[in-house]
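Pasting data28.pdb here (PDB, C-alpha atoms, pLDDT in the B column):
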```
ATOM      1  CA  MET A   1      59.271 -74.360  65.141  1.00 49.00           C
ATOM      2  CA  LYS A   2      61.223 -74.394  68.404  1.00 46.00           C
ATOM      3  CA  GLY A   3      60.563 -70.703  68.798  1.00 51.00           C
ATOM      4  CA  THR A   4      56.827 -71.192  68.336  1.00 54.00           C
ATOM      5  CA  ARG A   5      56.763 -74.069  70.837  1.00 52.00           C
ATOM      6  CA  ARG A   6      58.713 -72.076  73.388  1.00 49.00           C
ATOM      7  CA  GLU A   7      56.378 -69.107  72.951  1.00 50.00           C
ATOM      8  CA  LEU A   8      53.376 -71.396  73.490  1.00 46.00           C
ATOM      9  CA  GLU A   9      54.925 -72.927  76.602  1.00 44.00           C
ATOM     10  CA  TRP A  10      55.851 -69.482  77.898  1.00 43.00           C
ATOM     11  CA  GLY A  11      52.283 -68.228  77.294  1.00 50.00           C
ATOM     12  CA  GLN A  12      50.821 -71.191  79.190  1.00 46.00           C
ATOM     13  CA  ALA A  13      53.276 -70.718  82.043  1.00 41.00           C
ATOM     14  CA  ARG A  14      52.528 -67.001  82.194  1.00 49.00           C
ATOM     15  CA  ARG A  15      48.783 -67.639  82.364  1.00 49.00           C
ATOM     16  CA  TYR A  16      49.351 -70.188  85.125  1.00 39.00           C
ATOM     17  CA  LEU A  17      51.474 -67.757  87.112  1.00 37.00           C
ATOM     18  CA  LEU A  18      48.885 -64.989  86.723  1.00 43.00           C
ATOM     19  CA  VAL A  19      46.107 -67.245  87.941  1.00 44.00           C
ATOM     20  CA  SER A  20      48.252 -68.545  90.803  1.00 40.00           C
ATOM     21  CA  ALA A  21      49.167 -64.994  91.806  1.00 42.00           C
ATOM     22  CA  ALA A  22      45.471 -64.108  91.842  1.00 44.00           C
ATOM     23  CA  GLY A  23      44.981 -66.921  94.342  1.00 49.00           C
ATOM     24  CA  GLY A  24      42.516 -69.054  92.388  1.00 56.00           C
ATOM     25  CA  ARG A  25      41.159 -70.384  89.128  1.00 68.00           C
ATOM     26  CA  ARG A  26      40.702 -68.552  85.851  1.00 81.00           C
ATOM     27  CA  PRO A  27      37.402 -66.627  85.668  1.00 87.00           C
ATOM     28  CA  ARG A  28      34.658 -68.359  83.693  1.00 86.00           C
ATOM     29  CA  PHE A  29      31.900 -66.519  81.826  1.00 90.00           C
ATOM     30  CA  ALA A  30      28.826 -68.629  81.006  1.00 87.00           C
ATOM     31  CA  VAL A  31      27.938 -66.776  77.814  1.00 89.00           C
ATOM     32  CA  ARG A  32      25.597 -69.446  76.423  1.00 89.00           C
ATOM     33  CA  ALA A  33      23.600 -69.591  79.646  1.00 89.00           C
ATOM     34  CA  ALA A  34      23.382 -65.794  79.846  1.00 92.00           C
ATOM     35  CA  LEU A  35      22.481 -65.216  76.182  1.00 92.00           C
ATOM     36  CA  PRO A  36      18.697 -65.877  76.448  1.00 91.00           C
ATOM     37  CA  VAL A  37      18.419 -63.530  79.425  1.00 92.00           C
ATOM     38  CA  TRP A  38      20.505 -60.887  77.643  1.00 93.00           C
ATOM     39  CA  LEU A  39      18.121 -60.990  74.689  1.00 94.00           C
ATOM     40  CA  VAL A  40      15.002 -60.675  76.849  1.00 94.00           C
ATOM     41  CA  VAL A  41      16.435 -57.770  78.884  1.00 95.00           C
ATOM     42  CA  VAL A  42      17.591 -55.928  75.751  1.00 95.00           C
ATOM     43  CA  ALA A  43      14.209 -56.490  74.059  1.00 95.00           C
ATOM     44  CA  TYR A  44      12.484 -54.972  77.104  1.00 94.00           C
ATOM     45  CA  ALA A  45      14.922 -52.037  77.119  1.00 95.00           C
ATOM     46  CA  VAL A  46      14.429 -51.363  73.398  1.00 95.00           C
ATOM     47  CA  ALA A  47      10.632 -51.404  73.737  1.00 94.00           C
ATOM     48  CA  MET A  48      10.876 -49.130  76.765  1.00 92.00           C
ATOM     49  CA  ALA A  49      13.188 -46.772  74.869  1.00 94.00           C
ATOM     50  CA  TYR A  50      10.580 -46.514  72.112  1.00 93.00           C
ATOM     51  CA  VAL A  51       7.874 -45.524  74.607  1.00 91.00           C
ATOM     52  CA  GLU A  52      10.235 -43.129  76.384  1.00 90.00           C
ATOM     53  CA  SER A  53      11.383 -41.371  73.215  1.00 90.00           C
ATOM     54  CA  ALA A  54       7.772 -41.039  72.004  1.00 90.00           C
ATOM     55  CA  ALA A  55       6.739 -39.440  75.315  1.00 88.00           C
ATOM     56  CA  VAL A  56       9.711 -37.050  75.203  1.00 87.00           C
ATOM     57  CA  LEU A  57       8.889 -36.149  71.594  1.00 86.00           C
ATOM     58  CA  TYR A  58       5.307 -35.254  72.572  1.00 84.00           C
ATOM     59  CA  LEU A  59       6.369 -33.221  75.628  1.00 81.00           C
ATOM     60  CA  ARG A  60       9.124 -31.319  73.818  1.00 80.00           C
ATOM     61  CA  THR A  61       6.791 -30.605  70.908  1.00 81.00           C
ATOM     62  CA  ILE A  62       4.403 -29.000  73.386  1.00 78.00           C
ATOM     63  CA  TYR A  63       7.340 -26.998  74.734  1.00 73.00           C
ATOM     64  CA  GLY A  64       8.025 -25.788  71.206  1.00 73.00           C
ATOM     65  CA  GLY A  65      10.917 -27.875  69.892  1.00 67.00           C
ATOM     66  CA  ILE A  66      12.717 -31.186  70.254  1.00 72.00           C
ATOM     67  CA  ASP A  67      16.111 -29.507  70.756  1.00 72.00           C
ATOM     68  CA  PRO A  68      16.320 -28.413  74.431  1.00 72.00           C
ATOM     69  CA  VAL A  69      18.799 -25.620  73.627  1.00 64.00           C
ATOM     70  CA  GLY A  70      17.215 -24.542  70.340  1.00 68.00           C
ATOM     71  CA  PRO A  71      14.613 -21.822  69.726  1.00 70.00           C
ATOM     72  CA  ARG A  72      11.123 -22.442  71.089  1.00 67.00           C
ATOM     73  CA  HIS A  73       7.887 -21.921  69.154  1.00 69.00           C
ATOM     74  CA  THR A  74       5.083 -23.139  71.374  1.00 71.00           C
ATOM     75  CA  VAL A  75       1.385 -22.578  70.698  1.00 65.00           C
ATOM     76  CA  PHE A  76       0.658 -22.610  74.433  1.00 64.00           C
ATOM     77  CA  ASN A  77       0.511 -19.358  76.348  1.00 67.00           C
ATOM     78  CA  PRO A  78       1.253 -19.705  79.188  1.00 67.00           C
ATOM     79  CA  LEU A  79       3.301 -22.870  78.757  1.00 64.00           C
ATOM     80  CA  PRO A  80       2.302 -25.675  81.149  1.00 67.00           C
ATOM     81  CA  ASP A  81       4.849 -26.542  83.865  1.00 71.00           C
ATOM     82  CA  PHE A  82       5.880 -30.112  83.142  1.00 75.00           C
ATOM     83  CA  VAL A  83       8.900 -30.294  85.468  1.00 80.00           C
ATOM     84  CA  TRP A  84       7.191 -32.492  88.048  1.00 84.00           C
ATOM     85  CA  VAL A  85       5.626 -34.619  85.316  1.00 84.00           C
ATOM     86  CA  GLU A  86       9.100 -35.169  83.879  1.00 86.00           C
ATOM     87  CA  ILE A  87      10.584 -35.992  87.284  1.00 89.00           C
ATOM     88  CA  GLY A  88       7.764 -38.462  87.898  1.00 89.00           C
ATOM     89  CA  ARG A  89       8.290 -40.054  84.483  1.00 88.00           C
ATOM     90  CA  GLU A  90      12.010 -40.438  85.112  1.00 90.00           C
ATOM     91  CA  THR A  91      11.350 -41.965  88.542  1.00 92.00           C
ATOM     92  CA  ALA A  92       8.938 -44.445  86.961  1.00 92.00           C
ATOM     93  CA  THR A  93      11.562 -45.268  84.334  1.00 92.00           C
ATOM     94  CA  MET A  94      14.150 -46.121  86.993  1.00 93.00           C
ATOM     95  CA  ILE A  95      11.634 -48.272  88.896  1.00 94.00           C
ATOM     96  CA  MET A  96      10.858 -50.200  85.701  1.00 93.00           C
ATOM     97  CA  LEU A  97      14.553 -50.759  84.945  1.00 94.00           C
ATOM     98  CA  LEU A  98      15.232 -51.864  88.526  1.00 95.00           C
ATOM     99  CA  ALA A  99      12.254 -54.231  88.376  1.00 94.00           C
ATOM    100  CA  VAL A 100      13.389 -55.961  85.181  1.00 94.00           C
ATOM    101  CA  GLY A 101      16.927 -56.205  86.565  1.00 94.00           C
ATOM    102  CA  TRP A 102      15.609 -57.801  89.753  1.00 95.00           C
ATOM    103  CA  LEU A 103      13.499 -60.317  87.845  1.00 92.00           C
ATOM    104  CA  ALA A 104      16.113 -61.206  85.207  1.00 93.00           C
ATOM    105  CA  GLY A 105      19.246 -61.530  87.329  1.00 90.00           C
ATOM    106  CA  ARG A 106      20.394 -64.449  89.469  1.00 88.00           C
ATOM    107  CA  GLY A 107      21.852 -63.440  92.796  1.00 90.00           C
ATOM    108  CA  VAL A 108      22.697 -59.897  93.843  1.00 92.00           C
ATOM    109  CA  TRP A 109      25.406 -59.393  91.224  1.00 93.00           C
ATOM    110  CA  GLY A 110      23.314 -60.925  88.473  1.00 94.00           C
ATOM    111  CA  LYS A 111      20.490 -58.488  89.276  1.00 95.00           C
ATOM    112  CA  ILE A 112      22.890 -55.540  89.252  1.00 95.00           C
ATOM    113  CA  GLY A 113      24.276 -56.720  85.918  1.00 95.00           C
ATOM    114  CA  ALA A 114      20.791 -57.094  84.418  1.00 96.00           C
ATOM    115  CA  PHE A 115      19.866 -53.594  85.588  1.00 96.00           C
ATOM    116  CA  ALA A 116      23.054 -52.146  84.033  1.00 97.00           C
ATOM    117  CA  LEU A 117      22.393 -53.992  80.762  1.00 97.00           C
ATOM    118  CA  ALA A 118      18.784 -52.766  80.638  1.00 96.00           C
ATOM    119  CA  MET A 119      19.657 -49.166  81.487  1.00 96.00           C
ATOM    120  CA  GLY A 120      22.503 -48.990  78.988  1.00 96.00           C
ATOM    121  CA  ALA A 121      20.461 -50.474  76.138  1.00 97.00           C
ATOM    122  CA  TRP A 122      17.510 -48.214  76.993  1.00 96.00           C
ATOM    123  CA  ASP A 123      19.642 -45.066  76.857  1.00 95.00           C
ATOM    124  CA  ILE A 124      21.263 -45.952  73.530  1.00 96.00           C
ATOM    125  CA  PHE A 125      17.989 -46.854  71.800  1.00 96.00           C
ATOM    126  CA  TYR A 126      16.263 -43.817  73.304  1.00 95.00           C
ATOM    127  CA  TYR A 127      18.495 -41.551  71.214  1.00 95.00           C
ATOM    128  CA  LEU A 128      18.244 -43.823  68.180  1.00 95.00           C
ATOM    129  CA  PHE A 129      14.447 -43.593  68.259  1.00 95.00           C
ATOM    130  CA  LEU A 130      14.527 -39.803  68.717  1.00 93.00           C
ATOM    131  CA  LEU A 131      16.794 -39.599  65.679  1.00 93.00           C
ATOM    132  CA  LEU A 132      14.359 -41.778  63.738  1.00 93.00           C
ATOM    133  CA  PHE A 133      11.260 -39.840  64.856  1.00 91.00           C
ATOM    134  CA  ALA A 134      12.488 -36.253  64.658  1.00 89.00           C
ATOM    135  CA  GLY A 135      15.960 -36.206  63.079  1.00 91.00           C
ATOM    136  CA  TRP A 136      17.452 -35.145  66.417  1.00 91.00           C
ATOM    137  CA  PRO A 137      20.148 -35.224  67.672  1.00 93.00           C
ATOM    138  CA  SER A 138      21.667 -34.094  64.408  1.00 89.00           C
ATOM    139  CA  SER A 139      25.176 -34.615  65.817  1.00 93.00           C
ATOM    140  CA  PRO A 140      26.757 -36.691  68.627  1.00 94.00           C
ATOM    141  CA  TRP A 141      27.879 -33.368  70.088  1.00 95.00           C
ATOM    142  CA  ALA A 142      24.331 -31.945  70.353  1.00 94.00           C
ATOM    143  CA  ILE A 143      23.619 -30.703  73.888  1.00 94.00           C
ATOM    144  CA  ASP A 144      20.757 -32.345  75.764  1.00 92.00           C
ATOM    145  CA  VAL A 145      19.226 -32.246  79.209  1.00 91.00           C
ATOM    146  CA  LEU A 146      19.825 -35.862  80.124  1.00 90.00           C
ATOM    147  CA  PHE A 147      18.069 -36.305  83.453  1.00 91.00           C
ATOM    148  CA  LEU A 148      16.464 -34.227  86.196  1.00 90.00           C
ATOM    149  CA  ILE A 149      17.160 -36.317  89.316  1.00 91.00           C
ATOM    150  CA  PRO A 150      18.515 -35.125  91.713  1.00 90.00           C
ATOM    151  CA  LEU A 151      19.480 -32.066  89.623  1.00 92.00           C
ATOM    152  CA  PRO A 152      19.440 -31.452  85.850  1.00 93.00           C
ATOM    153  CA  TRP A 153      22.146 -33.267  83.899  1.00 94.00           C
ATOM    154  CA  TRP A 154      23.507 -31.461  80.829  1.00 94.00           C
ATOM    155  CA  GLY A 155      25.970 -32.606  78.220  1.00 95.00           C
ATOM    156  CA  PRO A 156      26.598 -33.697  74.622  1.00 96.00           C
ATOM    157  CA  VAL A 157      24.646 -36.850  73.775  1.00 96.00           C
ATOM    158  CA  ILE A 158      27.859 -38.754  72.982  1.00 97.00           C
ATOM    159  CA  ALA A 159      28.808 -38.644  76.687  1.00 97.00           C
ATOM    160  CA  PRO A 160      25.808 -40.604  78.067  1.00 97.00           C
ATOM    161  CA  ILE A 161      25.908 -42.951  75.066  1.00 97.00           C
ATOM    162  CA  VAL A 162      29.518 -43.918  75.856  1.00 98.00           C
ATOM    163  CA  CYS A 163      28.552 -44.487  79.500  1.00 97.00           C
ATOM    164  CA  ALA A 164      25.580 -46.552  78.345  1.00 97.00           C
ATOM    165  CA  ALA A 165      27.822 -48.694  76.120  1.00 97.00           C
ATOM    166  CA  VAL A 166      30.105 -49.378  79.099  1.00 97.00           C
ATOM    167  CA  MET A 167      27.047 -50.354  81.156  1.00 97.00           C
ATOM    168  CA  VAL A 168      25.837 -52.756  78.439  1.00 97.00           C
ATOM    169  CA  VAL A 169      29.198 -54.547  78.219  1.00 97.00           C
ATOM    170  CA  ALA A 170      29.794 -54.571  81.978  1.00 96.00           C
ATOM    171  CA  GLY A 171      26.230 -55.628  82.798  1.00 96.00           C
ATOM    172  CA  ALA A 172      26.291 -58.494  80.289  1.00 96.00           C
ATOM    173  CA  ALA A 173      29.715 -59.616  81.573  1.00 95.00           C
ATOM    174  CA  ILE A 174      28.562 -59.515  85.209  1.00 95.00           C
ATOM    175  CA  MET A 175      25.556 -61.695  84.363  1.00 94.00           C
ATOM    176  CA  ALA A 176      27.705 -64.196  82.454  1.00 94.00           C
ATOM    177  CA  ARG A 177      30.332 -64.338  85.213  1.00 93.00           C
ATOM    178  CA  GLN A 178      27.654 -64.829  87.859  1.00 92.00           C
ATOM    179  CA  LEU A 179      26.279 -67.802  85.896  1.00 90.00           C
ATOM    180  CA  GLY A 180      29.819 -69.109  85.367  1.00 90.00           C
ATOM    181  CA  ASP A 181      31.954 -69.472  88.462  1.00 86.00           C
ATOM    182  CA  GLY A 182      30.280 -66.618  90.349  1.00 87.00           C
ATOM    183  CA  LEU A 183      31.550 -63.060  90.653  1.00 87.00           C
ATOM    184  CA  PRO A 184      34.045 -62.711  93.525  1.00 87.00           C
ATOM    185  CA  ARG A 185      33.478 -60.045  96.107  1.00 87.00           C
ATOM    186  CA  PRO A 186      35.093 -56.868  94.728  1.00 89.00           C
ATOM    187  CA  SER A 187      38.224 -55.645  96.462  1.00 91.00           C
ATOM    188  CA  GLN A 188      38.425 -52.223  98.080  1.00 93.00           C
ATOM    189  CA  GLU A 189      40.436 -50.964  95.108  1.00 94.00           C
ATOM    190  CA  VAL A 190      37.689 -52.033  92.701  1.00 94.00           C
ATOM    191  CA  TRP A 191      34.967 -50.447  94.825  1.00 94.00           C
ATOM    192  CA  LEU A 192      36.946 -47.208  95.108  1.00 96.00           C
ATOM    193  CA  ALA A 193      37.704 -46.978  91.384  1.00 96.00           C
ATOM    194  CA  VAL A 194      34.095 -47.600  90.330  1.00 96.00           C
ATOM    195  CA  LEU A 195      32.651 -45.316  93.011  1.00 97.00           C
ATOM    196  CA  VAL A 196      35.023 -42.391  92.402  1.00 97.00           C
ATOM    197  CA  GLY A 197      34.715 -42.804  88.642  1.00 97.00           C
ATOM    198  CA  SER A 198      30.916 -42.780  88.813  1.00 97.00           C
ATOM    199  CA  VAL A 199      30.878 -39.711  91.059  1.00 97.00           C
ATOM    200  CA  LEU A 200      33.191 -37.827  88.680  1.00 98.00           C
ATOM    201  CA  CYS A 201      31.001 -38.676  85.665  1.00 97.00           C
ATOM    202  CA  LEU A 202      27.814 -37.651  87.479  1.00 96.00           C
ATOM    203  CA  SER A 203      29.466 -34.446  88.703  1.00 96.00           C
ATOM    204  CA  ALA A 204      30.491 -33.612  85.129  1.00 97.00           C
ATOM    205  CA  PHE A 205      26.883 -33.971  83.962  1.00 97.00           C
ATOM    206  CA  MET A 206      25.463 -31.954  86.873  1.00 96.00           C
ATOM    207  CA  LEU A 207      28.268 -29.394  87.248  1.00 95.00           C
ATOM    208  CA  ASP A 208      26.260 -26.459  85.853  1.00 93.00           C
ATOM    209  CA  ALA A 209      23.273 -27.294  88.047  1.00 93.00           C
ATOM    210  CA  LEU A 210      25.461 -27.829  91.123  1.00 94.00           C
ATOM    211  CA  VAL A 211      27.023 -24.384  90.715  1.00 92.00           C
ATOM    212  CA  ALA A 212      23.644 -22.782  90.057  1.00 91.00           C
ATOM    213  CA  SER A 213      22.111 -24.524  93.097  1.00 91.00           C
ATOM    214  CA  LEU A 214      24.215 -22.271  95.335  1.00 89.00           C
ATOM    215  CA  GLY A 215      21.605 -19.657  94.449  1.00 86.00           C
ATOM    216  CA  GLY A 216      18.720 -21.991  95.273  1.00 85.00           C
ATOM    217  CA  LEU A 217      17.089 -25.132  93.915  1.00 84.00           C
ATOM    218  CA  GLU A 218      14.938 -23.180  91.452  1.00 85.00           C
ATOM    219  CA  ALA A 219      18.063 -21.675  89.884  1.00 87.00           C
ATOM    220  CA  ALA A 220      19.464 -25.194  89.350  1.00 87.00           C
ATOM    221  CA  TYR A 221      16.450 -26.122  87.236  1.00 87.00           C
ATOM    222  CA  GLU A 222      16.604 -22.922  85.211  1.00 86.00           C
ATOM    223  CA  VAL A 223      20.292 -23.175  84.312  1.00 85.00           C
ATOM    224  CA  ARG A 224      21.360 -24.110  80.785  1.00 85.00           C
ATOM    225  CA  ALA A 225      24.465 -26.032  79.732  1.00 85.00           C
ATOM    226  CA  GLY A 226      27.865 -24.384  79.742  1.00 88.00           C
ATOM    227  CA  PRO A 227      31.091 -25.909  78.373  1.00 93.00           C
ATOM    228  CA  PHE A 228      31.160 -29.613  79.183  1.00 96.00           C
ATOM    229  CA  PRO A 229      33.962 -30.582  81.648  1.00 97.00           C
ATOM    230  CA  TRP A 230      35.582 -33.266  79.492  1.00 97.00           C
ATOM    231  CA  PRO A 231      38.656 -33.820  81.728  1.00 97.00           C
ATOM    232  CA  MET A 232      36.457 -34.606  84.738  1.00 97.00           C
ATOM    233  CA  TYR A 233      34.206 -36.878  82.674  1.00 98.00           C
ATOM    234  CA  LEU A 234      37.049 -38.774  80.959  1.00 98.00           C
ATOM    235  CA  ALA A 235      38.931 -39.252  84.231  1.00 98.00           C
ATOM    236  CA  GLY A 236      35.792 -40.678  85.838  1.00 98.00           C
ATOM    237  CA  LEU A 237      35.062 -42.921  82.860  1.00 98.00           C
ATOM    238  CA  ALA A 238      38.615 -44.284  82.832  1.00 98.00           C
ATOM    239  CA  LEU A 239      38.552 -45.004  86.572  1.00 97.00           C
ATOM    240  CA  ALA A 240      35.205 -46.787  86.351  1.00 97.00           C
ATOM    241  CA  VAL A 241      36.294 -48.900  83.360  1.00 97.00           C
ATOM    242  CA  VAL A 242      39.547 -49.944  85.045  1.00 96.00           C
ATOM    243  CA  GLY A 243      37.678 -50.849  88.226  1.00 96.00           C
ATOM    244  CA  LEU A 244      35.075 -52.900  86.356  1.00 96.00           C
ATOM    245  CA  TRP A 245      37.776 -54.651  84.318  1.00 95.00           C
ATOM    246  CA  ARG A 246      39.745 -55.653  87.406  1.00 93.00           C
ATOM    247  CA  GLY A 247      36.616 -56.795  89.225  1.00 93.00           C
ATOM    248  CA  LEU A 248      35.313 -58.890  86.339  1.00 93.00           C
ATOM    249  CA  LEU A 249      38.623 -60.641  85.654  1.00 91.00           C
ATOM    250  CA  ARG A 250      39.453 -61.336  89.281  1.00 85.00           C
ATOM    251  CA  ALA A 251      39.884 -65.079  89.851  1.00 77.00           C
ATOM    252  CA  GLN A 252      37.940 -67.037  92.455  1.00 73.00           C
ATOM    253  CA  GLU A 253      39.957 -68.129  95.450  1.00 65.00           C
ATOM    254  CA  ALA A 254      41.012 -71.737  95.271  1.00 54.00           C
ATOM    255  CA  ALA A 255      38.848 -74.099  97.283  1.00 49.00           C
TER     256      ALA A 255
END
```
I'd like the structure from this file rewritten - as structure tokens, please.
Amino acid sequence: MKGTRRELEWGQARRYLLVSAAGGRRPRFAVRAALPVWLVVVAYAVAMAYVESAAVLYLRTIYGGIDPVGPRHTVFNPLPDFVWVEIGRETATMIMLLAVGWLAGRGVWGKIGAFALAMGAWDIFYYLFLLLFAGWPSSPWAIDVLFLIPLPWWGPVIAPIVCAAVMVVAGAAIMARQLGDGLPRPSQEVWLAVLVGSVLCLSAFMLDALVASLGGLEAAYEVRAGPFPWPMYLAGLALAVVGLWRGLLRAQEAA
């Protein structure tokens, strides 16, 4: 009994020291207040993912197959050039996600969190709907062309899904913290970790296109996926997660 009491007292003292060392109060996440907004943003993202996956299914069927690295059997000769249509569609998608994030969030950080939540949920349900519609991707390791802006992104579908899951959790947490005691201004270490981590992940997705672009922009859009640079991607993901974790759990300065 004494041991249990001492452990409890030690745990309370340790928490107090950690909060005191952080220079403020314990962070507070207003989950109940954020829950209705979470549900609305996710519902929007799911509906948008349905529309997006249907449009991609139609376009890839015209191209001759849902699998971007599989054999093509198109009935069109010559095949229409849909690159600019795809780029325009992706631009419109980002504008829609930014708009719902702006409308749903409170304050700058709340808007950023809502955007991250919407984008992450959209990406996850996009692949779920494609699987439902066409049975693709048949494996989490299936290679896909993920995005075309500013250059084509290539990689196994599991990689963007993991990033999307991180965005869902981080975005929801940012919104709840903003509604709680407010998200403190991130430190330079947090900014650096998230920024460098994001750049490494994006570079991993666009590595093949970046190398090909040395021969011209057209070559970047004609390149197909090579071996995915997992070390670069995992290092970037780890850095970003650590930065987000530290930023979200940082205590407010005492008044």
Contacts of range 78-158 of chain A with range 230-250 of chain A up to 12 Å, shortest pair per row, all atoms listed in the file, as a tab-separated table:
```
residue	atom	partner	partner_atom	distance
A:Trp109	CA	A:Leu248	CA	11.1
A:Gly113	CA	A:Leu248	CA	11.3
A:Gly155	CA	A:Trp230	CA	9.7
A:Pro156	CA	A:Trp230	CA	10.2
A:Ile158	CA	A:Trp230	CA	11.5
```
For the provided coordinates, the residues matched by the PyMOL selection byres ((chain A and resi 149-152) around 12) should be stated as a PyMOL selection string.
chain A and resi 83-84+86-94+144-148+153-155+202-213+216-225
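For the pair CA of Leu179 in chain A and CA of Cys163 in chain A, the interatomic distance is 24.3 Å.
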Under the PyMOL selection byres ((chain A and resi 127) around 12), which residues of this model are included? Write them out as a PyMOL selection string.
chain A and resi 46+49-54+56-57+66+120-126+128-140+142+144+146+156-158+160-161+164
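We find CA of Leu35 in chain A and CA of Ile95 in chain A to be spaced 23.8 Å apart.
Evaluating the PyMOL selection byres ((chain A and resi 38) around 9) against the shown model yields A:Ala34, A:Leu35, A:Pro36, A:Val37, A:Leu39, A:Val40, A:Val41, A:Val42, A:Ala43, A:Ala104, A:Ala114, A:Leu117, A:Ala118, A:Ala172, A:Met175.
Interatomic distance, CA of Val100 in chain A against CA of Arg177 in chain A: 18.9 Å.
Compared by their closest atoms to Asp181 in chain A, and using all atoms listed in the file, the residues A:Ala251, A:Tyr44, A:Gly64, A:Leu97 rank with A:Ala251 nearest.
You can rank A:Ala176, A:Met119, A:Gln252, A:Val199 by their closest distance to Arg32 in chain A using all atoms listed in the file, and at the top of that list sits A:Ala176.
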